[in-house]
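K.L.:
Supplied structure: data.cif, mmCIF, C-alpha atoms.
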```cif
data_work
loop_
_atom_site.label_atom_id
_atom_site.label_comp_id
_atom_site.auth_asym_id
_atom_site.auth_seq_id
_atom_site.Cartn_x
_atom_site.Cartn_y
_atom_site.Cartn_z
CA MET J 1 -5.32 22.64 -12.61
CA ALA J 2 -5.32 20.48 -9.48
CA MET J 3 -2.57 17.94 -9.02
CA SER J 4 -3.56 14.32 -8.97
CA HIS J 5 -2.14 11.83 -6.47
CA VAL J 6 -2.16 9.15 -9.16
CA ARG J 7 0.94 9.03 -11.30
CA GLU J 8 1.05 7.34 -14.64
CA VAL J 9 3.70 4.64 -14.77
CA GLY J 10 5.05 3.46 -18.08
CA PRO J 11 5.18 -0.23 -18.98
CA ASP J 12 8.90 -0.42 -18.14
CA SER J 13 8.58 1.39 -14.82
CA ALA J 14 5.83 -0.50 -12.98
CA LEU J 15 5.92 -0.46 -9.19
CA SER J 16 7.95 -3.18 -7.52
CA LEU J 17 7.52 -4.82 -4.13
CA VAL J 18 10.43 -2.77 -2.74
CA GLU J 19 8.90 0.50 -3.97
CA VAL J 20 5.55 -0.37 -2.37
CA CYS J 21 7.28 -1.05 0.98
CA ALA J 22 9.13 2.26 0.74
CA ARG J 23 5.94 4.15 -0.13
CA LEU J 24 4.08 2.62 2.80
CA ASN J 25 6.87 3.34 5.29
CA THR J 26 7.08 6.94 4.06
CA ARG J 27 3.31 7.41 4.23
CA LEU J 28 3.05 5.90 7.72
CA ALA J 29 5.89 8.09 9.01
CA TRP J 30 4.29 11.16 7.43
CA TYR J 31 1.02 10.40 9.24
CA GLY J 32 2.92 10.00 12.52
CA LEU J 33 2.59 6.21 12.67
CA PRO J 34 6.19 4.99 12.51
CA ARG J 35 5.46 1.93 14.69
CA LEU J 36 3.17 0.47 12.03
CA LYS J 37 5.02 -1.58 9.42
CA PRO J 38 4.08 -3.58 6.34
CA ALA J 39 3.51 -7.10 7.70
CA ALA J 40 3.20 -8.74 4.29
CA VAL J 41 3.72 -7.46 0.75
CA MET J 42 2.94 -9.76 -2.18
CA GLU J 43 1.86 -9.75 -5.80
CA ALA J 44 -1.85 -10.53 -6.05
CA ASP J 45 -1.69 -10.68 -9.85
CA SER J 46 0.27 -9.06 -12.67
CA GLU J 47 -1.42 -5.68 -12.11
CA THR J 48 -1.81 -5.54 -8.30
CA ILE J 49 0.49 -5.59 -5.30
CA VAL J 50 -1.18 -6.17 -1.92
CA ALA J 51 0.32 -5.02 1.36
CA VAL J 52 -1.00 -5.67 4.86
CA VAL J 53 -0.04 -3.13 7.52
CA ALA J 54 -0.15 -4.19 11.15
CA GLY J 55 1.34 -3.00 14.39
CA ASP J 56 -0.45 -2.88 17.70
CA THR J 57 -2.46 -6.04 18.40
CA ALA J 58 -5.44 -3.92 19.45
CA LEU J 59 -5.76 -2.53 15.90
CA LYS J 60 -7.14 -4.45 12.97
CA PRO J 61 -4.71 -4.96 10.08
CA VAL J 62 -5.29 -2.77 7.04
CA ARG J 63 -4.95 -4.08 3.48
CA PHE J 64 -3.67 -1.81 0.71
CA ALA J 65 -4.02 -2.81 -2.95
CA PHE J 66 -1.58 -0.92 -5.22
CA ASP J 67 -2.13 -0.74 -8.97
CA ARG J 68 1.34 -1.38 -10.44
CA ARG J 69 0.74 0.79 -13.51
CA THR J 70 -0.93 3.89 -12.07
CA GLY J 71 0.24 3.80 -8.45
CA SER J 72 -3.33 4.21 -7.16
CA VAL J 73 -4.15 2.66 -3.79
CA GLN J 74 -7.33 1.10 -2.38
CA ARG J 75 -7.59 0.51 1.36
CA SER J 76 -9.70 -1.99 3.30
CA VAL J 77 -9.75 -3.37 6.85
CA VAL J 78 -8.83 -7.04 7.20
CA THR J 79 -11.31 -9.13 9.16
CA ARG J 80 -10.11 -11.97 11.39
CA ASP J 81 -11.66 -14.51 9.00
CA ALA J 82 -9.59 -13.21 6.05
CA ALA J 83 -6.36 -12.85 8.05
#
```
Translate this file's structure into structure tokens.
P.N.:
Amino acid sequence: MAMSHVREVGPDSALSLVEVCARLNTRLAWYGLPRLKPAAVMEADSETIVAVVAGDTALKPVRFAFDRRTGSVQRSVVTRDAA
């Protein structure tokens, strides 16, 4: 059986803002991008934490939406209009 990257999180162990920052910093370092940092991390609603990663001004910021219960992540590029 293949391992899934999505972990089930119980109702008492939902992801926090601090855990999302730690996950992003770990993932960026693992990909060899330690200069990129979470620029903003906030709760979008009760089920979603949104983080914007930015670094070099030549790169467009990237938005990550974390599901607090499952830990799954959706990525999208932030346009200048939305930033």
K.L.:
Mind giving me the straight-line distance from atom CA of Lys60 of chain J to atom CA of Thr79 of chain J in Å, one decimal?
P.N.:
7.3 Å
K.L.:
Skip Ala65 of chain J itself and residues of its chain fewer than 6 positions away, then list as a ChimeraX atom specification all residues within 10 Å of it, counting all atoms listed in the file.
P.N.:
/J:20,41-44,47-52,71-76
K.L.:
Could you write out as a list in words the residues that the PyMOL selection byres ((chain J and resi 39) around 10) matches in the shown file?
P.N.:
Cys21, Leu36, Lys37, Pro38, Ala40, Val41, Ala51, Val52, Val53, Ala54, Gly55, Pro61, Val62 and Arg63 of chain J
K.L.:
Rounded to one decimal in Å, what is the spacing between atom CA of Tyr31 of chain J and atom CA of Val77 of chain J?
P.N.:
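A separation of 17.6 Å between them.
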K.L.:
Could you give me the centre and size, in Å to one decimal, of an axis-aligned box around all listed atoms of segment 54-68 of chain J with 8 Å added on every side, as AutoDock Vina command-line options?
P.N.:
```
--center_x -2.9 --center_y -3.4 --center_z 4.5 --size_x 24.5 --size_y 21.3 --size_z 45.9
```
K.L.:
What is the atom CA of Ser16 of chain J-atom CA of Arg68 of chain J distance in Å, reported with one decimal?
P.N.:
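Separation of atom CA of Ser16 of chain J and atom CA of Arg68 of chain J: 7.4 Å.
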